[in-house]
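**Student:** Here it is, the structure in full.
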Amino acid sequence: MAARLKTTDPFWWALFSAGGTLAAFLLPAHILITGVGISFGWIQPEVIGYQRLLTWLEHPLLKIYLLLLISLSLFHWAHRFRYVLIDMGLRSIKAPVAVLCYGTAIAATVATLVLLFFCL
């Protein structure tokens, strides 16, 4: 008989790990392109103008990419913030803190999903 898992911690740790890894690899590229590249004149502002970005957002692979980048980064934040709050002395309300943190990440992920796939 297999032993039953009594906690969901491995699931949240996996989302934390995936979010941290994805953010570490991809967010610097986004910052370099949108923040530094345009400011230094390496990229013309028209290249990532509003109308062009709306056209790019019609492609389903870009929507999936943005959904993964945003949602996994949110779960990374939620897990990290949960343990910061617990370390700050909120150990007695550990379950409500987890529900608040992960619930916020889930709600924001659903909102991102709706905005990307149903509003654009």
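In the structure tokens, each chain is lettered A, B, ... as it comes, each chain's residues begin at 1, and ligands are numbered from 1 in order of appearance.
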Show which residues sit within 9 Å of A:Ala18, as a ChimeraX atom specification. Count only C-alpha atoms, and ignore same-chain residues fewer than 3 positions away.

**Tutor:** /A:13-15,21-23,72-73,75-76

**Student:** Mind dumping the selected residues with N, CA and C atoms as a PDB file, in the first residue's frame?

**Tutor:**
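Written file, result39.pdb:
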```pdb
ATOM      1  N   TRP A  13       6.256  24.173  -3.822  1.00  0.00           N
ATOM      2  CA  TRP A  13       7.697  24.317  -4.041  1.00  0.00           C
ATOM      3  C   TRP A  13       8.044  24.159  -5.523  1.00  0.00           C
ATOM      4  N   ALA A  14       7.345  23.271  -6.226  1.00  0.00           N
ATOM      5  CA  ALA A  14       7.586  23.103  -7.664  1.00  0.00           C
ATOM      6  C   ALA A  14       7.205  24.364  -8.430  1.00  0.00           C
ATOM      7  N   LEU A  15       6.060  24.978  -8.088  1.00  0.00           N
ATOM      8  CA  LEU A  15       5.671  26.226  -8.736  1.00  0.00           C
ATOM      9  C   LEU A  15       6.649  27.350  -8.398  1.00  0.00           C
ATOM     10  N   THR A  21      12.974  30.129 -11.806  1.00  0.00           N
ATOM     11  CA  THR A  21      13.847  29.815 -12.936  1.00  0.00           C
ATOM     12  C   THR A  21      13.423  30.577 -14.185  1.00  0.00           C
ATOM     13  N   LEU A  22      12.141  30.557 -14.481  1.00  0.00           N
ATOM     14  CA  LEU A  22      11.640  31.252 -15.661  1.00  0.00           C
ATOM     15  C   LEU A  22      11.875  32.759 -15.556  1.00  0.00           C
ATOM     16  N   ALA A  23      11.611  33.312 -14.386  1.00  0.00           N
ATOM     17  CA  ALA A  23      11.824  34.746 -14.196  1.00  0.00           C
ATOM     18  C   ALA A  23      13.302  35.111 -14.301  1.00  0.00           C
ATOM     19  N   LEU A  72       3.695  31.936 -13.361  1.00  0.00           N
ATOM     20  CA  LEU A  72       4.750  31.294 -12.575  1.00  0.00           C
ATOM     21  C   LEU A  72       5.511  32.310 -11.729  1.00  0.00           C
ATOM     22  N   SER A  73       5.670  33.526 -12.230  1.00  0.00           N
ATOM     23  CA  SER A  73       6.288  34.573 -11.413  1.00  0.00           C
ATOM     24  C   SER A  73       5.409  34.910 -10.210  1.00  0.00           C
ATOM     25  N   PHE A  75       3.341  32.809  -8.658  1.00  0.00           N
ATOM     26  CA  PHE A  75       3.458  31.727  -7.684  1.00  0.00           C
ATOM     27  C   PHE A  75       4.812  31.761  -6.973  1.00  0.00           C
ATOM     28  N   HIS A  76       5.841  32.187  -7.671  1.00  0.00           N
ATOM     29  CA  HIS A  76       7.139  32.369  -7.026  1.00  0.00           C
ATOM     30  C   HIS A  76       7.028  33.431  -5.935  1.00  0.00           C
TER      31      HIS A  76
END
```

**Student:** Taking only C-alpha atoms into account, produce a table as CSV in which each residue of stretch 19-90 of chain A with an atom at most 12 Å from an atom of stretch 110-114 of chain A appears once, together with its shortest atom pair and the distance in Å to one decimal, ordered by chain and rising number.

**Tutor:**
```
residue,atom,partner,partner_atom,distance
A:Pro60,CA,A:Leu113,CA,11.9
A:Lys63,CA,A:Leu113,CA,8.7
A:Ile64,CA,A:Leu113,CA,9.0
A:Tyr65,CA,A:Leu113,CA,11.3
A:Leu66,CA,A:Thr112,CA,8.8
A:Leu67,CA,A:Leu113,CA,6.5
A:Leu68,CA,A:Leu113,CA,9.7
A:Leu69,CA,A:Thr112,CA,10.6
A:Ile70,CA,A:Thr112,CA,7.7
A:Ser71,CA,A:Thr112,CA,7.7
A:Leu72,CA,A:Thr112,CA,11.5
A:Leu74,CA,A:Thr112,CA,10.7
```

**Student:** From a DSSP calculation on the backbone, collect every residue of stretch 24-103 of chain A in alpha helix (DSSP H) and output the set as a ChimeraX atom specification.

**Tutor:** /A:24-30,38-39,50-56,60-87,94-103

**Student:** Using only C-alpha atoms, which of A:Thr55, A:Trp77, A:Thr104, A:Arg91 sits nearest A:Leu120?

**Tutor:**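 Under the stated criterion, the closest residue is A:Thr55.
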